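Encoded as structure tokens, the structure appears first; notes follow it.
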Amino acid sequence: MAAMMQPQIILLKEGTDTSQGKAQLVSNINACTAVADVVRSTLGPRGMDKLIHDDKGTVTISNDGATIMKLLDIVHPAAKILVDIAKSQDSEVGDGTTTVVLLAAEFLREAKPFIEDGVHPQNLIRSFRNASYKAIQKIKELAKSIEGQSLEEKKRLLSKCAATTLSSKLIGGEKEFFASMVVDAVGAIGDGDRLNMIGIKKVPGGTMRDSFLVNGVAFKKTFSYAGFEQQPKKFLNPKILLLNIELELKSEKENAEIRLSDPSQYQSIVDAEWNIIYEKLDKCVQSGAKVVLSRLAIGDLATQYFADRDIFCAGRVAEEDLLRVAAATGGTVQTSVNNVVDEVLGTCEHFEERQVGNERFNIFSGCPSGRTATIVLRGGADQFIEEAERSLHDAIMIVRRATKNSTVVAGGGAIDMEISKYLRQESRAIAGKSQFFINSYAKALEVIPRQLCDNAGFDATDVLNKLRQKHALPTGEGAPYGVDINTGGIADSFANFVWEPAVVKINAINAATEAACLILSVDETVKNPKSESAQGEAAASAMGGRGRGRGRGMRRR
Ligand code: ADP
Ligand code: MG
């Protein structure tokens, strides 16, 4: 009886699986190391690509850390955090996604022996945070500004940054060609966060070198009706009318019901319909526009009507393309053809419909408002062009970053070695266990040059020894030395123009430290029995619930 009066306290449902303590931490660390091992070999100019195919048969070939991580469909709750930081790095700076994953995993690997020896994770976390703070200060100190140069000079420097990003990609062979294209494209859109103003169009066939940049807008010819062939395909300084209405006979939207008493009245109804469309078309022509684009369909009647009056038209233009035409030509999209005044018409120096590979393209170049550019990518296989697009995206992001906060650091592992050396020096002045922790943080940073060597088939130990010696020079002249990817020795990365925007490194170190600390702070995982079927998700949300509060520092967007 007494036992019944005191009910048992049941906290979690029956079947709930919890694991906790040191063992849990170590297992989380192991999972993260396993994830990093997947992307490890993609780092750097000699990195390998991954081919990923899913059950739907989609094949992706990529070298981009974020893309690979996204496609991997990782279910381990702790390892998912690495996927998140790769994504956040991708959206924050656009490059350095492999770097951030490798760093986070390496921090954890260095922490593992301490955890196994019974060090409290919070001690490690504090030291790691401290070290990352110092590292970032140092990067800011070492970063060189490219501000204050002439425009030409600046362009040249920016294309070096773009080339460094591209050198690790499939299109690395043509990096100069694409780097200057990217710099021109970014230059065209000016400042402002309007990345969608750079369009990338993919046309299979031809070679990479056939890719070209349009200083304006280009899009694939839309579906068109008979009569289209008779329209002129080339204009100089045409007026451009942008519409968001249908120009088709059948589609008067108001489905009115009309009752007829006399069959002869029927003809008048049909006539009325024709009149409405002719009136609309007439107004388009009267506006003086030579090119008429619409987001909705332009039917055969309209096509023929325009053809007879030497006007070019295209219906069903994709919304983003139409908006880009509007931005570039200075026109405004109209929802009615009544009162089309001159101000809403756009213009450009040159309009042309041109054959590109197997496709026909409508190309608007020499646009007055500028501020938009289109890269038309050519290449053999679909997967190849897809990867090329992702690579260009990285390069575009990098050039934009570098234009905005124009400071760069030496790449090829040089900055990592220098920070590593600096932290080791600093740690000597710290008493107690923290010294060891900061030391191992410093050691973890060496993973970047080591991996660059490994991936290129160099003797990493040998190269790293040379680098350590160079960076230890008291005069500081060795600071820009990094891995020389061509000879397998070491070289002045700065002099060789292997540059990276400082933000890439700062963000990578920040995010990697934050993720490592987050994983170190978890000592228990609880799996809810109800969602056994959706295992991965349940486990992830159990984890996410705990992590979210701290995760904010990771700047997810
Ligand atoms: P991430 O996804 O992290 O950007 P990448 O595969 O693009 O990974 O590799 C970037 C690394 O490669 C950087 O550390 C960069 O400094 C290095 N790197 C790029 N080009 C060169 C080069 N020509 N020589 C040496 N290192 C290079
Ligand atoms: Mg890169």
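Order determines the names: the first chain of the structure tokens is A, the second B, and so forth; residues in each chain are numbered 1 upward, and ligands are numbered 1 upward as they are shown.
Summary of the local environment: counting only C-alpha atoms, residues at most 6 Å from segment 127-139 of chain A, other than itself and those fewer than 2 positions away along its chain, are Leu124, Ile125, Glu141, Leu142, Ala143, Ile419, Ser434 and Ile506 of chain A.
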Output for the residues just chosen: all heavy atoms as a PDB file, in the first residue's frame:
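part-v2.pdb was written with the following content:
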ATOM      1  N   LEU A 124      38.429  22.786 -22.260  1.00  0.00           N
ATOM      2  CA  LEU A 124      38.882  22.784 -23.658  1.00  0.00           C
ATOM      3  C   LEU A 124      38.169  23.874 -24.453  1.00  0.00           C
ATOM      4  O   LEU A 124      38.787  24.613 -25.213  1.00  0.00           O
ATOM      5  CB  LEU A 124      38.554  21.435 -24.294  1.00  0.00           C
ATOM      6  CG  LEU A 124      39.584  20.332 -24.123  1.00  0.00           C
ATOM      7  CD1 LEU A 124      38.972  19.000 -24.470  1.00  0.00           C
ATOM      8  CD2 LEU A 124      40.784  20.597 -24.992  1.00  0.00           C
ATOM      9  N   ILE A 125      36.863  23.961 -24.220  1.00  0.00           N
ATOM     10  CA  ILE A 125      36.063  24.929 -24.977  1.00  0.00           C
ATOM     11  C   ILE A 125      36.583  26.340 -24.735  1.00  0.00           C
ATOM     12  O   ILE A 125      36.768  27.126 -25.664  1.00  0.00           O
ATOM     13  CB  ILE A 125      34.580  24.812 -24.571  1.00  0.00           C
ATOM     14  CG1 ILE A 125      34.015  23.488 -25.076  1.00  0.00           C
ATOM     15  CG2 ILE A 125      33.775  25.976 -25.120  1.00  0.00           C
ATOM     16  CD1 ILE A 125      32.606  23.212 -24.627  1.00  0.00           C
ATOM     17  N   GLU A 141      45.600  41.306 -38.633  1.00  0.00           N
ATOM     18  CA  GLU A 141      46.868  42.033 -38.635  1.00  0.00           C
ATOM     19  C   GLU A 141      47.665  41.733 -39.907  1.00  0.00           C
ATOM     20  O   GLU A 141      48.263  42.614 -40.507  1.00  0.00           O
ATOM     21  CB  GLU A 141      47.699  41.543 -37.448  1.00  0.00           C
ATOM     22  CG  GLU A 141      48.129  42.614 -36.466  1.00  0.00           C
ATOM     23  CD  GLU A 141      48.723  41.928 -35.254  1.00  0.00           C
ATOM     24  OE1 GLU A 141      49.857  41.439 -35.355  1.00  0.00           O
ATOM     25  OE2 GLU A 141      48.021  41.850 -34.219  1.00  0.00           O
ATOM     26  N   LEU A 142      47.655  40.448 -40.286  1.00  0.00           N
ATOM     27  CA  LEU A 142      48.490  40.021 -41.410  1.00  0.00           C
ATOM     28  C   LEU A 142      47.881  40.352 -42.768  1.00  0.00           C
ATOM     29  O   LEU A 142      48.580  40.403 -43.773  1.00  0.00           O
ATOM     30  CB  LEU A 142      48.709  38.502 -41.344  1.00  0.00           C
ATOM     31  CG  LEU A 142      49.637  37.992 -40.248  1.00  0.00           C
ATOM     32  CD1 LEU A 142      49.551  36.483 -40.168  1.00  0.00           C
ATOM     33  CD2 LEU A 142      51.064  38.422 -40.519  1.00  0.00           C
ATOM     34  N   ALA A 143      46.567  40.571 -42.780  1.00  0.00           N
ATOM     35  CA  ALA A 143      45.886  40.764 -44.060  1.00  0.00           C
ATOM     36  C   ALA A 143      46.395  42.021 -44.753  1.00  0.00           C
ATOM     37  O   ALA A 143      46.646  43.034 -44.118  1.00  0.00           O
ATOM     38  CB  ALA A 143      44.382  40.858 -43.838  1.00  0.00           C
ATOM     39  N   ILE A 419      49.568  31.391 -38.371  1.00  0.00           N
ATOM     40  CA  ILE A 419      48.706  31.465 -37.189  1.00  0.00           C
ATOM     41  C   ILE A 419      49.115  30.386 -36.192  1.00  0.00           C
ATOM     42  O   ILE A 419      49.194  30.611 -34.977  1.00  0.00           O
ATOM     43  CB  ILE A 419      47.229  31.227 -37.571  1.00  0.00           C
ATOM     44  CG1 ILE A 419      46.774  32.253 -38.582  1.00  0.00           C
ATOM     45  CG2 ILE A 419      46.337  31.273 -36.357  1.00  0.00           C
ATOM     46  CD1 ILE A 419      46.745  33.633 -38.074  1.00  0.00           C
ATOM     47  N   SER A 434      45.803  25.053 -19.894  1.00  0.00           N
ATOM     48  CA  SER A 434      45.365  25.782 -21.079  1.00  0.00           C
ATOM     49  C   SER A 434      46.459  25.840 -22.142  1.00  0.00           C
ATOM     50  O   SER A 434      46.180  25.849 -23.338  1.00  0.00           O
ATOM     51  CB  SER A 434      44.945  27.181 -20.668  1.00  0.00           C
ATOM     52  OG  SER A 434      44.406  27.853 -21.751  1.00  0.00           O
ATOM     53  N   ILE A 506      38.807  34.002 -41.869  1.00  0.00           N
ATOM     54  CA  ILE A 506      38.242  34.415 -40.583  1.00  0.00           C
ATOM     55  C   ILE A 506      36.947  33.662 -40.317  1.00  0.00           C
ATOM     56  O   ILE A 506      36.740  33.088 -39.249  1.00  0.00           O
ATOM     57  CB  ILE A 506      38.005  35.938 -40.573  1.00  0.00           C
ATOM     58  CG1 ILE A 506      39.347  36.666 -40.591  1.00  0.00           C
ATOM     59  CG2 ILE A 506      37.178  36.347 -39.360  1.00  0.00           C
ATOM     60  CD1 ILE A 506      39.249  38.156 -40.689  1.00  0.00           C
TER      61      ILE A 506
END
Protein and nucleic residues near ligand 1, 8 Å, only C-alpha atoms and all ligand atoms, as a PyMOL selection string
chain A and resi 42-45+47+63-66+95-100+163-169+410-414+448-449+452+482-486+493+498-500
List the neighbours of Glu387 of chain A out to 8 Å using only C-alpha atoms; skip same-chain residues closer than 5 positions along the sequence, and give me the result as a VMD selection string.
chain A and resid 60 to 63 170
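Excluding Asp342 of chain A and any residue on its chain fewer than 6 positions from it, the residues at most 9 Å away by only C-alpha atoms are Lys239, Ser287 and Gly288 of chain A.
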Next, write the just-selected residues to a file, as a PDB file, in the first residue's frame, keeping all heavy atoms as the atom set.
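Generated file (again_16.pdb):
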ATOM      1  N   LYS A 239      13.382  50.010 -78.760  1.00  0.00           N
ATOM      2  CA  LYS A 239      12.620  50.208 -77.522  1.00  0.00           C
ATOM      3  C   LYS A 239      12.056  48.848 -77.134  1.00  0.00           C
ATOM      4  O   LYS A 239      11.642  48.066 -77.998  1.00  0.00           O
ATOM      5  CB  LYS A 239      11.505  51.206 -77.761  1.00  0.00           C
ATOM      6  CG  LYS A 239      12.040  52.619 -77.894  1.00  0.00           C
ATOM      7  CD  LYS A 239      10.924  53.617 -77.894  1.00  0.00           C
ATOM      8  CE  LYS A 239      11.500  55.023 -77.946  1.00  0.00           C
ATOM      9  NZ  LYS A 239      10.508  55.979 -78.434  1.00  0.00           N
ATOM     10  N   SER A 287       3.132  52.034 -79.065  1.00  0.00           N
ATOM     11  CA  SER A 287       4.111  52.462 -78.057  1.00  0.00           C
ATOM     12  C   SER A 287       5.482  52.689 -78.685  1.00  0.00           C
ATOM     13  O   SER A 287       6.347  53.317 -78.099  1.00  0.00           O
ATOM     14  CB  SER A 287       4.222  51.419 -76.954  1.00  0.00           C
ATOM     15  OG  SER A 287       4.895  50.278 -77.460  1.00  0.00           O
ATOM     16  N   GLY A 288       5.662  52.170 -79.876  1.00  0.00           N
ATOM     17  CA  GLY A 288       6.944  52.370 -80.552  1.00  0.00           C
ATOM     18  C   GLY A 288       7.964  51.306 -80.220  1.00  0.00           C
ATOM     19  O   GLY A 288       9.121  51.390 -80.613  1.00  0.00           O
TER      20      GLY A 288
END
Extract, using only C-alpha atoms, all DNA, RNA and protein residues at most 9 Å from Ile519 of chain A, discarding same-chain residues fewer than 2 positions from it, and format them as a VMD selection string.
chain A and resid 25 28 to 29 78 to 79 81 108 514 to 517 521 to 523 547
Would you write out those residues with all heavy atoms, as a compact mmCIF listing (two decimals), in the first residue's frame?
# COMPACT_ATOMS: atom_id res chain seq x y z
N LEU A 25 30.70 11.44 -26.04
CA LEU A 25 31.52 12.50 -26.63
C LEU A 25 32.51 11.94 -27.63
O LEU A 25 32.65 12.44 -28.75
CB LEU A 25 32.27 13.19 -25.49
CG LEU A 25 31.96 14.66 -25.29
CD1 LEU A 25 32.60 15.16 -24.02
CD2 LEU A 25 32.41 15.45 -26.48
N ASN A 28 30.84 10.88 -30.76
CA ASN A 28 30.51 12.03 -31.61
C ASN A 28 31.73 12.52 -32.37
O ASN A 28 31.66 12.85 -33.55
CB ASN A 28 29.96 13.18 -30.77
CG ASN A 28 28.51 12.96 -30.40
OD1 ASN A 28 27.86 12.07 -30.93
ND2 ASN A 28 28.03 13.75 -29.46
N ILE A 29 32.86 12.57 -31.67
CA ILE A 29 34.09 13.03 -32.31
C ILE A 29 34.48 12.10 -33.44
O ILE A 29 34.83 12.53 -34.54
CB ILE A 29 35.23 13.13 -31.27
CG1 ILE A 29 34.91 14.25 -30.27
CG2 ILE A 29 36.57 13.38 -31.95
CD1 ILE A 29 35.93 14.42 -29.18
N ALA A 78 25.43 14.35 -34.52
CA ALA A 78 26.56 15.25 -34.28
C ALA A 78 27.23 15.63 -35.58
O ALA A 78 27.60 16.79 -35.81
CB ALA A 78 27.55 14.60 -33.34
N ALA A 79 27.36 14.64 -36.46
CA ALA A 79 28.04 14.89 -37.72
C ALA A 79 27.26 15.87 -38.58
O ALA A 79 27.83 16.57 -39.42
CB ALA A 79 28.26 13.58 -38.47
N ILE A 81 26.13 18.56 -37.74
CA ILE A 81 26.58 19.93 -37.45
C ILE A 81 27.63 20.35 -38.46
O ILE A 81 27.67 21.51 -38.89
CB ILE A 81 27.12 20.00 -36.01
CG1 ILE A 81 25.96 19.81 -35.05
CG2 ILE A 81 27.82 21.32 -35.76
CD1 ILE A 81 26.34 19.80 -33.62
N LEU A 108 38.51 18.74 -33.16
CA LEU A 108 37.92 17.69 -32.34
C LEU A 108 38.90 16.54 -32.15
O LEU A 108 39.00 15.96 -31.07
CB LEU A 108 36.64 17.17 -32.99
CG LEU A 108 35.45 18.11 -32.91
CD1 LEU A 108 34.31 17.61 -33.77
CD2 LEU A 108 35.00 18.26 -31.47
N GLU A 514 33.48 27.24 -33.45
CA GLU A 514 32.14 27.24 -32.88
C GLU A 514 31.53 25.83 -32.95
O GLU A 514 30.97 25.34 -31.98
CB GLU A 514 31.31 28.23 -33.71
CG GLU A 514 30.20 28.94 -33.00
CD GLU A 514 30.59 29.52 -31.67
OE1 GLU A 514 31.39 30.46 -31.61
OE2 GLU A 514 30.06 28.99 -30.69
N ALA A 515 31.68 25.18 -34.10
CA ALA A 515 31.11 23.84 -34.26
C ALA A 515 31.81 22.84 -33.35
O ALA A 515 31.16 22.01 -32.70
CB ALA A 515 31.24 23.39 -35.71
N ALA A 516 33.14 22.93 -33.27
CA ALA A 516 33.88 22.01 -32.42
C ALA A 516 33.44 22.18 -30.97
O ALA A 516 33.21 21.20 -30.25
CB ALA A 516 35.38 22.24 -32.57
N CYS A 517 33.29 23.42 -30.54
CA CYS A 517 32.89 23.67 -29.16
C CYS A 517 31.48 23.16 -28.91
O CYS A 517 31.18 22.61 -27.85
CB CYS A 517 32.95 25.17 -28.85
SG CYS A 517 34.63 25.78 -28.81
N SER A 521 30.41 20.28 -26.22
CA SER A 521 29.55 20.61 -25.09
C SER A 521 28.37 19.65 -24.93
O SER A 521 27.60 19.76 -24.00
CB SER A 521 29.02 22.04 -25.24
OG SER A 521 28.06 22.07 -26.26
N VAL A 522 28.26 18.71 -25.86
CA VAL A 522 27.16 17.75 -25.78
C VAL A 522 27.65 16.48 -25.08
O VAL A 522 28.60 15.86 -25.53
CB VAL A 522 26.67 17.38 -27.19
CG1 VAL A 522 25.68 16.25 -27.13
CG2 VAL A 522 26.06 18.59 -27.86
N ASP A 523 27.00 16.11 -24.00
CA ASP A 523 27.45 14.88 -23.34
C ASP A 523 26.33 13.86 -23.25
O ASP A 523 26.44 12.84 -22.61
CB ASP A 523 28.01 15.17 -21.95
CG ASP A 523 26.93 15.58 -20.98
OD1 ASP A 523 25.86 15.98 -21.47
OD2 ASP A 523 27.14 15.50 -19.77
N GLY A 547 21.30 22.15 -29.36
CA GLY A 547 22.34 22.93 -30.00
C GLY A 547 21.91 24.34 -30.37
O GLY A 547 22.71 25.23 -30.45
Mind checking which residues fall within 9 Å of Arg354 of chain A, counting only C-alpha atoms, ignoring those fewer than 6 positions away in the same chain, and posting them as an NGL selection string?
:A and (233-234 or 360-363)
Write out, as a PDB file, in the first residue's frame, the residues just selected, with N, CA and C atoms.
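Everything below was put into part38.pdb:
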ATOM      1  N   LYS A 233      15.461  39.689 -86.413  1.00  0.00           N
ATOM      2  CA  LYS A 233      16.154  39.079 -85.273  1.00  0.00           C
ATOM      3  C   LYS A 233      17.280  39.958 -84.756  1.00  0.00           C
ATOM      4  N   LYS A 234      17.311  41.195 -85.211  1.00  0.00           N
ATOM      5  CA  LYS A 234      18.432  42.048 -84.832  1.00  0.00           C
ATOM      6  C   LYS A 234      17.976  43.490 -84.813  1.00  0.00           C
ATOM      7  N   ARG A 360      18.941  28.606 -79.540  1.00  0.00           N
ATOM      8  CA  ARG A 360      18.944  30.001 -79.963  1.00  0.00           C
ATOM      9  C   ARG A 360      18.783  30.872 -78.728  1.00  0.00           C
ATOM     10  N   PHE A 361      19.537  31.953 -78.708  1.00  0.00           N
ATOM     11  CA  PHE A 361      19.522  32.824 -77.538  1.00  0.00           C
ATOM     12  C   PHE A 361      19.095  34.228 -77.909  1.00  0.00           C
ATOM     13  N   ASN A 362      18.300  34.852 -77.047  1.00  0.00           N
ATOM     14  CA  ASN A 362      17.987  36.271 -77.184  1.00  0.00           C
ATOM     15  C   ASN A 362      18.976  37.041 -76.334  1.00  0.00           C
ATOM     16  N   ILE A 363      19.708  37.917 -76.955  1.00  0.00           N
ATOM     17  CA  ILE A 363      20.794  38.584 -76.238  1.00  0.00           C
ATOM     18  C   ILE A 363      20.605  40.096 -76.275  1.00  0.00           C
TER      19      ILE A 363
END
Excluding Lys221 of chain A and residues on its chain fewer than 2 positions from it, collect all residues at most 12 Å away from it, counting only C-alpha atoms, and give them as a JSON list (two decimals) with C-alpha atoms, in the first residue's frame.
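Result written to part.json:
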[["chain", "number", "residue", "atom", "x", "y", "z"],
["A", 218, "ALA", "CA", 20.75, 36.56, -72.41],
["A", 219, "PHE", "CA", 18.14, 33.87, -72.29],
["A", 223, "PHE", "CA", 8.46, 28.77, -77.36],
["A", 224, "SER", "CA", 7.15, 30.59, -80.39],
["A", 225, "TYR", "CA", 4.38, 30.31, -82.95],
["A", 228, "PHE", "CA", 8.08, 34.05, -85.75],
["A", 233, "LYS", "CA", 16.15, 39.08, -85.27],
["A", 293, "LEU", "CA", 8.51, 40.41, -74.14],
["A", 312, "PHE", "CA", 10.20, 40.98, -82.39],
["A", 313, "CYS", "CA", 8.25, 39.22, -79.66],
["A", 314, "ALA", "CA", 8.81, 36.47, -77.12],
["A", 315, "GLY", "CA", 6.25, 35.00, -74.75],
["A", 316, "ARG", "CA", 6.61, 32.88, -71.62],
["A", 317, "VAL", "CA", 9.88, 34.53, -70.63],
["A", 318, "ALA", "CA", 11.00, 33.23, -67.22],
["A", 321, "ASP", "CA", 14.98, 36.77, -66.92],
["A", 352, "GLU", "CA", 20.05, 39.96, -81.31],
["A", 353, "GLU", "CA", 18.81, 36.43, -81.51],
["A", 354, "ARG", "CA", 21.82, 34.25, -81.98],
["A", 355, "GLN", "CA", 22.60, 30.58, -82.31],
["A", 356, "VAL", "CA", 24.64, 29.16, -79.42],
["A", 358, "ASN", "CA", 22.00, 23.79, -80.45],
["A", 359, "GLU", "CA", 20.04, 26.59, -78.86],
["A", 360, "ARG", "CA", 18.94, 30.00, -79.96],
["A", 361, "PHE", "CA", 19.52, 32.82, -77.54],
["A", 362, "ASN", "CA", 17.99, 36.27, -77.18],
["A", 363, "ILE", "CA", 20.79, 38.58, -76.24]]
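The space separating atom CA of Lys144 of chain A from atom CA of Val408 of chain A comes to 5.4 Å.
Distances from A:Thr303, A:Ser391, A:Thr347, A:Gln334 to ligand 2 were compared using only C-alpha atoms and all ligand atoms, and the smallest one belongs to A:Ser391.
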In terms of the shortest atom-to-atom distance over only C-alpha atoms and all ligand atoms, which of A:Glu273, A:Glu92, A:Asp394, A:Glu174 is closest to ligand 2?
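Of all the options, A:Asp394 lies closest to ligand 2.
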Would you give me, as an MDAnalysis selection string, the residues in segment 239-486 of chain A that DSSP reads as alpha helix (DSSP H)?
chainID A and resid 266:286 300:308 319:329 382:404 414:427 434:445 447:456 460:471
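Using only C-alpha atoms, the smallest distance between any of A:Val38, A:Val504, A:Leu213, A:Ala429 and Ser88 of chain A comes from A:Val504.
Distance-wise, atom CA of Ser406 of chain A and atom CA of Phe497 of chain A end up 14.9 Å apart.
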For ligand 2, which residue out of A:Gly94, A:Gly489, A:Gly346, A:Pro368 is the nearest one, using only C-alpha atoms and all ligand atoms?
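For ligand 2, the nearest of the given residues is A:Gly94.
For the atom pair formed by atom CA of Ala36 of chain A and atom CA of Asp84 of chain A, the distance is 13.0 Å, given to one decimal.
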Within segment 307-348 of chain A, find each residue whose DSSP state, derived from the backbone, is strand (DSSP E or B), and express the selection as a compact mmCIF listing (two decimals) with C-alpha atoms, in the first residue's frame.
# COMPACT_ATOMS: atom_id res chain seq x y z
CA PHE A 312 10.20 40.98 -82.39
CA CYS A 313 8.25 39.22 -79.66
CA ALA A 314 8.81 36.47 -77.12
CA GLN A 334 3.52 46.39 -67.42
CA GLY A 346 13.53 49.92 -71.87
CA THR A 347 16.28 50.09 -74.40
Using only C-alpha atoms and all ligand atoms, pick whichever of A:Lys433, A:Lys443, A:Arg390, A:Arg400 has the shortest atom-to-atom distance to ligand 2.
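The closest residue to ligand 2 is A:Arg390.
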